[in-house]
Amino acid sequence: MWTILGGQLLLPVGASFKFEMIPVFDKTSIATLSALLGFLLAGKKLRVFHGFGTPEVLIVMVLISPFITSELNTDPLRMGAAWLPGVGHYDALSAVMAQFIFFVPFILARQTLWDWAGHREVLRVLVISGLAYSLPMLFEVRMSPQLHTWIYGYFPHSFAQQVRGDGFRPIVFLGHGLGVAFFAMTTVVAAAALWRTQARVFKFSTGAITGYLSVVLLLCKSLGAFVYGAIGAPLVRFAPPRLQLRIAVGLVLVALLYPTLRATDLFPTGQLVNLAAWVSDDRAESLKFRFDQEKPLLDRAWQRFSFGWGRFGRNRIYDEASGKDVSVTDGHWIITMGQFGFFGFLAEFGLLALPIFRAASTLKYAERMSDRIFLAALSLILAINVVDLLPNAGLTPFTWLLAGTVLGRAEVLRAGARQWGRYPANAAMQKLRAG
């Protein structure tokens, strides 16, 4: 957990190096491969598949979709003045390797973080990292986002986008203020879960920690992340775990249906823009801009609906005269649809959503109340991550770690229910203890 999250929080954005025939080394792959190496050096055996079921089908789809897409896009494209190369066999293999590396946290978490204690530690890691990261975040709120430039020598994004009113949004080493705000929101929800179980972190009350991290989230000046936190934290602290999981299921259903709803103009884009206008004209304009950019990209994705256009910018829109790329791809879903088609979208988003469906169906088999609280909280955090992939491109290795953690626990609870009969976990445990 610390290796994967530490790489995400501390390594530079955009820096990478590449060797021939080997996928690029960057902040994502270095942290992920380091975690995998430590796992293997500890004498563990990596298990990609656990039997054969829906998760295994989706895993195969996730891993092979880049290869299928690449093999179907060997044709070069002429788009006005722009010429785009076809995708070769080497690129297909490279894409599969890159996909596997990005997917490793899911495999590791499913295999190792499947129990109640693992869920508690995931939440503790989020809270502790949130407390530590709040210090550079607060520094940049006051002094402007400078740490990435001072330490790594360059600024990773547009500085103007980090200015809000008469202040600044922190970026630290996450590349954009939206990413920092979303991470802060995650730590608030995690702290609320520990608060509900009366847990302490470094002898500090998790209630006080939740309040402190909420203030930090507010100072990040991101409306979306603040709304997620304002709804998610009270739900985790006060609502029944069953209700939390029902809301999580509803969120991922929206994400899974979103491409179809957008393609058929059934998604209420106008109403959402009007709702955002109540808060701020700037937020409404930003949301409308994203919806406007999605439409031509979705139309292009529809031309190769099944498996997409492949990499090298083949899924994007170009000016006919100048050949300049005029696309703005904010949402991860439209990037996935454009590159890997509906097959790739269904594989990736389906595998992110499946743990939440499984958690909702197995929650009743959890014996401890704290087990139910942790499972519901992590499921809700994961669901918020999934739905946030619609407006933003924030899929990280830690998101995959959360998905593997939730799925692993749900599978263990389901296996126990099948072994001891389909009745609540308390009765199953009583029978187990009685021999």
# chains A, B, ... in the order shown; residues from 1 in each chain; ligands from 1
call {"tool": "closest_atom_pairs", "arguments": {"of": "region 121-163 of chain A", "to": "region 216-222 of chain A", "cutoff": "12 Å", "atoms": "only C-alpha atoms", "output": "CSV"}}
result
residue,atom,partner,partner_atom,distance
A:Gly130,CA,A:Val216,CA,9.5
A:Leu131,CA,A:Val216,CA,9.6
A:Ala132,CA,A:Val216,CA,11.8
A:Tyr133,CA,A:Val216,CA,10.1
A:Ser134,CA,A:Val216,CA,6.8
A:Leu135,CA,A:Val216,CA,9.5
A:Pro136,CA,A:Val216,CA,11.0
A:Met137,CA,A:Val216,CA,8.0
A:Leu138,CA,A:Val216,CA,7.3
A:Phe139,CA,A:Val216,CA,11.1
A:Glu140,CA,A:Cys220,CA,9.8
A:Val141,CA,A:Leu219,CA,7.2
A:Arg142,CA,A:Leu219,CA,9.9
A:Ser144,CA,A:Cys220,CA,11.7
A:Pro145,CA,A:Cys220,CA,11.4
A:Gln161,CA,A:Ser222,CA,11.3
A:Gln162,CA,A:Lys221,CA,9.3
A:Val163,CA,A:Lys221,CA,9.4
call {"tool": "atom_distance", "arguments": {"atom1": "CA of Leu5 (chain A)", "atom2": "CA of Trp400 (chain A)"}}
result
11.3 Å
call {"tool": "closest_residue", "arguments": {"among": "A:Leu10, A:Ala117, A:Val104, A:Val24", "to": "Leu46 (chain A)", "atoms": "only C-alpha atoms"}}
result
A:Val104
call {"tool": "residues_around", "arguments": {"residues": "region 189-193 of chain A", "least_positions_apart": "2", "cutoff": "6 Å", "atoms": "only C-alpha atoms", "output": "list in words"}}
result
Leu123, Val127, Thr186, Thr187, Trp195, Arg196, Thr210, Ala233, Val236 and Arg237 of chain A
call {"tool": "select_by_dssp", "arguments": {"residues": "region 5-126 of chain A", "states": "strand (DSSP E or B)", "output": "PDB file with C-alpha atoms, in the first residue's frame"}}
result
ATOM      1  CA  PHE A  17      12.484   6.951 -19.380  1.00  0.00           C
ATOM      2  CA  PHE A  25       9.136   3.734 -16.605  1.00  0.00           C
ATOM      3  CA  LEU A  77      -4.712   7.577 -41.038  1.00  0.00           C
ATOM      4  CA  ARG A  78      -4.745  10.846 -43.001  1.00  0.00           C
ATOM      5  CA  MET A  79      -6.769  13.505 -41.176  1.00  0.00           C
ATOM      6  CA  ALA A  82      -2.242  15.268 -40.016  1.00  0.00           C
ATOM      7  CA  TRP A  83      -0.797  11.817 -40.720  1.00  0.00           C
ATOM      8  CA  LEU A  84      -1.080   9.157 -38.016  1.00  0.00           C
TER       9      LEU A  84
END
call {"tool": "residues_around", "arguments": {"residues": "Ala225 (chain A)", "least_positions_apart": "2", "cutoff": "7 Å", "atoms": "only C-alpha atoms", "output": "ChimeraX atom specification"}}
result
/A:181-182,185,222-223,227-229
call {"tool": "write_last_selection", "arguments": {"atoms": "N, CA and C atoms", "output": "PDB file, in the first residue's frame"}}
result
ATOM      1  N   ALA A 181      -7.296  17.484  -4.651  1.00  0.00           N
ATOM      2  CA  ALA A 181      -8.577  17.610  -3.964  1.00  0.00           C
ATOM      3  C   ALA A 181      -9.277  16.257  -3.863  1.00  0.00           C
ATOM      4  N   PHE A 182      -9.201  15.462  -4.912  1.00  0.00           N
ATOM      5  CA  PHE A 182      -9.848  14.150  -4.873  1.00  0.00           C
ATOM      6  C   PHE A 182      -9.166  13.255  -3.848  1.00  0.00           C
ATOM      7  N   MET A 185     -10.344  14.296  -0.469  1.00  0.00           N
ATOM      8  CA  MET A 185     -11.700  13.791  -0.224  1.00  0.00           C
ATOM      9  C   MET A 185     -11.657  12.328   0.219  1.00  0.00           C
ATOM     10  N   SER A 222     -11.988  22.830  -4.792  1.00  0.00           N
ATOM     11  CA  SER A 222     -12.531  22.023  -5.889  1.00  0.00           C
ATOM     12  C   SER A 222     -13.956  21.642  -5.543  1.00  0.00           C
ATOM     13  N   LEU A 223     -14.913  22.141  -6.310  1.00  0.00           N
ATOM     14  CA  LEU A 223     -16.321  21.928  -5.996  1.00  0.00           C
ATOM     15  C   LEU A 223     -16.694  20.454  -6.045  1.00  0.00           C
ATOM     16  N   VAL A 227     -18.098  18.278  -2.892  1.00  0.00           N
ATOM     17  CA  VAL A 227     -19.432  17.672  -2.881  1.00  0.00           C
ATOM     18  C   VAL A 227     -19.334  16.184  -2.556  1.00  0.00           C
ATOM     19  N   TYR A 228     -18.369  15.489  -3.189  1.00  0.00           N
ATOM     20  CA  TYR A 228     -18.167  14.076  -2.871  1.00  0.00           C
ATOM     21  C   TYR A 228     -17.938  13.889  -1.373  1.00  0.00           C
ATOM     22  N   GLY A 229     -17.057  14.707  -0.807  1.00  0.00           N
ATOM     23  CA  GLY A 229     -16.737  14.582   0.609  1.00  0.00           C
ATOM     24  C   GLY A 229     -17.895  14.959   1.502  1.00  0.00           C
TER      25      GLY A 229
END
call {"tool": "closest_residue", "arguments": {"among": "A:His332, A:Arg372, A:His148, A:Arg290", "to": "Val386 (chain A)", "atoms": "only C-alpha atoms"}}
result
A:His332
call {"tool": "closest_residue", "arguments": {"among": "A:Ala208, A:Pro397, A:Ser129, A:Trp302", "to": "Thr264 (chain A)", "atoms": "only C-alpha atoms"}}
result
A:Trp302
call {"tool": "residues_around", "arguments": {"residues": "Phe173 (chain A)", "least_positions_apart": "4", "cutoff": "9 Å", "atoms": "only C-alpha atoms", "output": "list in words"}}
result
Gln8, Leu9, Leu10, Leu11, Pro12, Val13, Leu147, His148, Pro156 and Val180 of chain A
call {"tool": "closest_residue", "arguments": {"among": "A:Thr69, A:Thr399, A:Gly165, A:Ser370", "to": "Asp115 (chain A)", "atoms": "only C-alpha atoms"}}
result
A:Ser370
call {"tool": "atom_distance", "arguments": {"atom1": "CA of Gly408 (chain A)", "atom2": "CA of Arg358 (chain A)"}}
result
9.7 Å
call {"tool": "closest_residue", "arguments": {"among": "A:Gln244, A:Thr149, A:Thr396, A:Thr206", "to": "Val172 (chain A)", "atoms": "only C-alpha atoms"}}
result
A:Thr149
call {"tool": "residues_around", "arguments": {"residues": "Leu380 (chain A)", "least_positions_apart": "4", "cutoff": "7 Å", "atoms": "only C-alpha atoms", "output": "list in words"}}
result
Gln244, Leu245, Ala248, Ala376 and Ile384 of chain A
